[in-house]
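Colleague: Below is the structure I would like to discuss, written out as structure tokens.
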Amino acid sequence: MATQSITGRADGRRVTWVVILIALSVLLNYVDRGAIGVAAPLMKEELELSATGFGLAVSAFFWVYAPACLFVGWLCDRFCVYRVFALGVTIWAISTALTGFAGGLVSLIILRLFLGLGESIAFPGSSKIFAAEVPVERRGIANASVSAAIAFGPAIGVLTGGAILGEWGWRPVFWIFGAVTLLWLIPWQFAAASMRARAIQVPASERVSIRRLLRVPALWKMSIVHFLSNYGFYFLLAWLPLYLVNTSGYSIGEMTALTTLSFTTQGIVALAGGWLSDRMVAKGANEGEVRRWLMIAGQLAIGTATAGIAVADGYAMLALWLAVAGFGAGLIATNIFAVGQIFAGPRAAGSWMGVQNALGNISGIIGPIVTGLIVDYLGGYGYAFATAAALSLLGALLWWKLIPEIRTLDL
């Protein structure tokens with residue numbers, strides 16, 4: 001089935017391949033982003049990092065990532081999004097590989113900054129392409145493919161990274177992950193060739209400025225709930241391996257199995273949720289309300305599960321709560337970007353998602369530092385888990401009460 005773009009009709013099969021490659025790029029994005037969490041049990045000791053120092057290194061990624069999303073979203077609405085996407089992937093792949101040579105906190109932070117710069121393309125770029133090329137009744141599964149990648153990326157990263165970590169140490173984790181990401185550029189050059197020639201851009205007369213978007217209340221409200229959804233997910237992504245190994249006493253193999261279970265559940269739920277929401281919309285359900293209630297369910301699940309993980313007694317209960325967390329994260333990741341695409345429409349999707357993702361990812365700047373300080377100065381992870389759980393549950397309330405009618409706005 002052909003789909004409608006801003007500049008004309010695109011071949012449906014080629015669009016499908018581009019969606020698949022975007023999903024694969026997001027998978028690699030989260031493999032590379034989460035590598036520091038996988039490597040943490042050995043890296044933290046070798047580089048002599050305190051919990052606060054490790055938190056700073058994790059947070060550094062977002063110092064650039066969040067503000068860069070604003071600029072990258074603007075680029076996606078004004079230049080060829082396919083070329084911008086390829087440049088971003090190149091930067092983050094090289095940064096990942098070079099992290100394997102880090103000798104201390106300073107070099108680690110610098111490389112995390114470049115990683116954040118490169119990875120800032122993922123969601124403004126994918127949202128721009130999806131809003132322009134993917135019809136409404138397929139929007140759920142397109143976003144679900146990205147959401148599944150957000151889950152399977154950490155799952156694959158933990159599984160393969162844990163094996164590399166146990167066999168060769170932490171540095172090869174980054175070398176291998178970075179090299180694999182660079183290989184992604186080869187199929188992208190072929191799949192996006194015809195679309196690159198059409199250069200999906202908004203005509204100058206139809207462009208929506210960042211300044212104008214910042215006056216839209218719905219964008220600020222979406223950014224708040226995006227912040228709350230990210231806080232809990234990033235907390236588990238960055239700190240769970242360290243917590244399981246160094247605090248709960250699980251082996252690297254057990255840590256790998258538990259975290260892989262959570263992320264695999266997330267990926268399966270993301271795909272199922274995307275398929276289900278598309279079926280409901282195709283049968284006449286209001287797309288905005290479907291996605292609102294899926295977001296509420298996701299926030300409730302991850303908030304409850306985060307609290308459950310902190311008090312879980314034994315391997316079986318811990319595995320159960322991690323599966324529930326994966327369930328919630330799968331629903332959240334499928335719908336948070338789809339709702340932004342609905343509000344923005346094709347003309348402003350890149351810039352809207354740039355702003356929303358930038359403000360929403362402030363949680364990635366604040367959260368790791370807050371967690372590190374809590375662990376170092378309050379004597380454990382209890383308050384850190386409580387904070388993450390409370391913010392996730394607050395997100396459920398705000399999706400119910402704060403977010404207005406979900407429809408394409410007249411920008």
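Residues are named by chain letter and number: chains run A, B, ... in the order of the structure tokens, numbers start at 1 in each chain, and ligands are numbered from 1 in the order shown.
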Can you tell me, as a ChimeraX atom specification, which residues in range 183-411 of chain A count as alpha helix (DSSP H) by DSSP?
Modeller: /A:183,185-191,193-198,210-213,217-242,252-282,287-311,315-360,362-377,382-401
Colleague: Using only C-alpha atoms, which residue out of A:Val72, A:Ile176, A:Ala329, A:Leu261 lies closest to Leu98 in chain A?
Modeller: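 Selected residue with least distance to Leu98 in chain A: A:Ile176.
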Colleague: Considering only C-alpha atoms, give me a table of residues in range 125-208 of chain A that are at most 12 Å from range 283-287 of chain A, with the closest atom pair and distance in Å for each, as JSON lines.
Modeller:
{"residue": "A:Val136", "atom": "CA", "partner": "A:Glu287", "partner_atom": "CA", "distance": 8.7}
{"residue": "A:Glu137", "atom": "CA", "partner": "A:Glu287", "partner_atom": "CA", "distance": 9.1}
{"residue": "A:Arg138", "atom": "CA", "partner": "A:Glu287", "partner_atom": "CA", "distance": 11.4}
{"residue": "A:Arg139", "atom": "CA", "partner": "A:Glu287", "partner_atom": "CA", "distance": 9.9}
{"residue": "A:Gly140", "atom": "CA", "partner": "A:Glu287", "partner_atom": "CA", "distance": 9.4}
Colleague: Could the residues in this selection be saved with N, CA, C and O atoms as a PDB file, in the first residue's frame?
Modeller:
ATOM      1  N   VAL A 136      -2.414   7.091   9.073  1.00  0.00           N
ATOM      2  CA  VAL A 136      -2.898   7.040  10.451  1.00  0.00           C
ATOM      3  C   VAL A 136      -3.134   5.612  10.928  1.00  0.00           C
ATOM      4  O   VAL A 136      -2.761   5.255  12.054  1.00  0.00           O
ATOM      5  N   GLU A 137      -3.731   4.792  10.085  1.00  0.00           N
ATOM      6  CA  GLU A 137      -4.069   3.439  10.514  1.00  0.00           C
ATOM      7  C   GLU A 137      -2.871   2.516  10.621  1.00  0.00           C
ATOM      8  O   GLU A 137      -3.000   1.357  11.035  1.00  0.00           O
ATOM      9  N   ARG A 138      -1.669   3.009  10.267  1.00  0.00           N
ATOM     10  CA  ARG A 138      -0.439   2.236  10.425  1.00  0.00           C
ATOM     11  C   ARG A 138       0.527   2.921  11.391  1.00  0.00           C
ATOM     12  O   ARG A 138       1.638   2.448  11.602  1.00  0.00           O
ATOM     13  N   ARG A 139       0.097   4.041  11.974  1.00  0.00           N
ATOM     14  CA  ARG A 139       0.990   4.799  12.847  1.00  0.00           C
ATOM     15  C   ARG A 139       1.359   4.012  14.097  1.00  0.00           C
ATOM     16  O   ARG A 139       2.481   4.078  14.584  1.00  0.00           O
ATOM     17  N   GLY A 140       0.415   3.243  14.604  1.00  0.00           N
ATOM     18  CA  GLY A 140       0.677   2.471  15.816  1.00  0.00           C
ATOM     19  C   GLY A 140       1.781   1.453  15.621  1.00  0.00           C
ATOM     20  O   GLY A 140       2.714   1.363  16.424  1.00  0.00           O
TER      21      GLY A 140
END
Colleague: So that I can see what lies close to Lys401 in chain A, please list as a PDB file with N, CA and C atoms, in the first residue's frame the residues with an atom at most 12 Å from it, counting only C-alpha atoms and leaving out residues fewer than 2 positions away in the same chain.
Modeller:
ATOM      1  N   LYS A 221       2.797  20.585  28.142  1.00  0.00           N
ATOM      2  CA  LYS A 221       2.170  19.504  28.912  1.00  0.00           C
ATOM      3  C   LYS A 221       2.717  18.141  28.477  1.00  0.00           C
ATOM      4  N   VAL A 225       4.865  15.212  30.854  1.00  0.00           N
ATOM      5  CA  VAL A 225       4.585  13.780  31.002  1.00  0.00           C
ATOM      6  C   VAL A 225       5.704  12.939  30.375  1.00  0.00           C
ATOM      7  N   ARG A 292      -4.117   7.746  24.925  1.00  0.00           N
ATOM      8  CA  ARG A 292      -4.113   8.305  26.287  1.00  0.00           C
ATOM      9  C   ARG A 292      -4.229   7.189  27.328  1.00  0.00           C
ATOM     10  N   TRP A 293      -5.204   6.289  27.157  1.00  0.00           N
ATOM     11  CA  TRP A 293      -5.442   5.255  28.166  1.00  0.00           C
ATOM     12  C   TRP A 293      -4.360   4.188  28.169  1.00  0.00           C
ATOM     13  N   ILE A 296      -1.727   5.820  30.331  1.00  0.00           N
ATOM     14  CA  ILE A 296      -2.082   5.742  31.760  1.00  0.00           C
ATOM     15  C   ILE A 296      -1.766   4.348  32.305  1.00  0.00           C
ATOM     16  N   LEU A 394       2.784   9.647  39.247  1.00  0.00           N
ATOM     17  CA  LEU A 394       2.329  11.007  38.969  1.00  0.00           C
ATOM     18  C   LEU A 394       2.050  11.178  37.476  1.00  0.00           C
ATOM     19  N   GLY A 395       2.891  10.550  36.648  1.00  0.00           N
ATOM     20  CA  GLY A 395       2.673  10.618  35.205  1.00  0.00           C
ATOM     21  C   GLY A 395       1.314  10.070  34.801  1.00  0.00           C
ATOM     22  N   ALA A 396       0.878   8.980  35.418  1.00  0.00           N
ATOM     23  CA  ALA A 396      -0.446   8.416  35.111  1.00  0.00           C
ATOM     24  C   ALA A 396      -1.547   9.427  35.404  1.00  0.00           C
ATOM     25  N   LEU A 397      -1.431  10.094  36.547  1.00  0.00           N
ATOM     26  CA  LEU A 397      -2.436  11.089  36.929  1.00  0.00           C
ATOM     27  C   LEU A 397      -2.482  12.241  35.928  1.00  0.00           C
ATOM     28  N   LEU A 398      -1.312  12.713  35.500  1.00  0.00           N
ATOM     29  CA  LEU A 398      -1.277  13.859  34.593  1.00  0.00           C
ATOM     30  C   LEU A 398      -1.759  13.506  33.185  1.00  0.00           C
ATOM     31  N   TRP A 399      -1.520  12.267  32.739  1.00  0.00           N
ATOM     32  CA  TRP A 399      -2.088  11.862  31.446  1.00  0.00           C
ATOM     33  C   TRP A 399      -3.615  11.893  31.504  1.00  0.00           C
ATOM     34  N   ILE A 403      -3.344  16.342  30.096  1.00  0.00           N
ATOM     35  CA  ILE A 403      -3.231  16.342  28.643  1.00  0.00           C
ATOM     36  C   ILE A 403      -4.590  16.641  28.007  1.00  0.00           C
ATOM     37  N   PRO A 404      -4.656  17.639  27.119  1.00  0.00           N
ATOM     38  CA  PRO A 404      -5.937  18.011  26.504  1.00  0.00           C
ATOM     39  C   PRO A 404      -6.360  17.013  25.435  1.00  0.00           C
ATOM     40  N   GLU A 405      -7.451  17.309  24.751  1.00  0.00           N
ATOM     41  CA  GLU A 405      -7.913  16.456  23.660  1.00  0.00           C
ATOM     42  C   GLU A 405      -6.769  16.223  22.666  1.00  0.00           C
TER      43      GLU A 405
END
Colleague: To one decimal place in Å, what is the distance between CA of Gln341 in chain A and CA of Gly354 in chain A?
Modeller: 11.2 Å
Colleague: Rank nothing, just name the residue among A:Ile109, A:Met280, A:Ala270, A:Val58 nearest to Ser363 in chain A, using only C-alpha atoms.
Modeller: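 Of A:Ile109, A:Met280, A:Ala270, A:Val58, the one nearest Ser363 in chain A is A:Val58, counting only C-alpha atoms.
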Colleague: Mind dumping a table of every range 276-369 of chain A residue within 10 Å of range 46-57 of chain A, with the nearest atom pair and its distance in Å to one decimal, using only C-alpha atoms, sorted by chain and rising number, as a tab-separated table?
Modeller:
residue	atom	partner	partner_atom	distance
A:Ile365	CA	A:Leu56	CA	8.5
A:Ile366	CA	A:Gly55	CA	9.4
A:Gly367	CA	A:Gly55	CA	8.4
A:Pro368	CA	A:Gly55	CA	4.7
A:Ile369	CA	A:Gly55	CA	4.9
Colleague: Keeping only N, CA, C and O atoms, write the selected residues to a file as a tab-separated table (two decimals), in the first residue's frame.
Modeller:
chain	number	residue	atom	x	y	z
A	365	ILE	N	19.24	14.05	32.66
A	365	ILE	CA	20.28	14.88	33.25
A	365	ILE	C	20.18	14.84	34.78
A	365	ILE	O	21.16	14.62	35.48
A	366	ILE	N	18.98	15.03	35.27
A	366	ILE	CA	18.76	15.14	36.71
A	366	ILE	C	18.78	13.79	37.40
A	366	ILE	O	19.40	13.61	38.46
A	367	GLY	N	18.09	12.81	36.80
A	367	GLY	CA	17.87	11.53	37.46
A	367	GLY	C	19.12	10.80	37.91
A	367	GLY	O	19.23	10.40	39.08
A	368	PRO	N	20.11	10.57	37.02
A	368	PRO	CA	21.30	9.83	37.45
A	368	PRO	C	22.07	10.52	38.58
A	368	PRO	O	22.62	9.85	39.46
A	369	ILE	N	22.13	11.85	38.53
A	369	ILE	CA	22.84	12.58	39.59
A	369	ILE	C	22.08	12.46	40.91
A	369	ILE	O	22.68	12.21	41.97
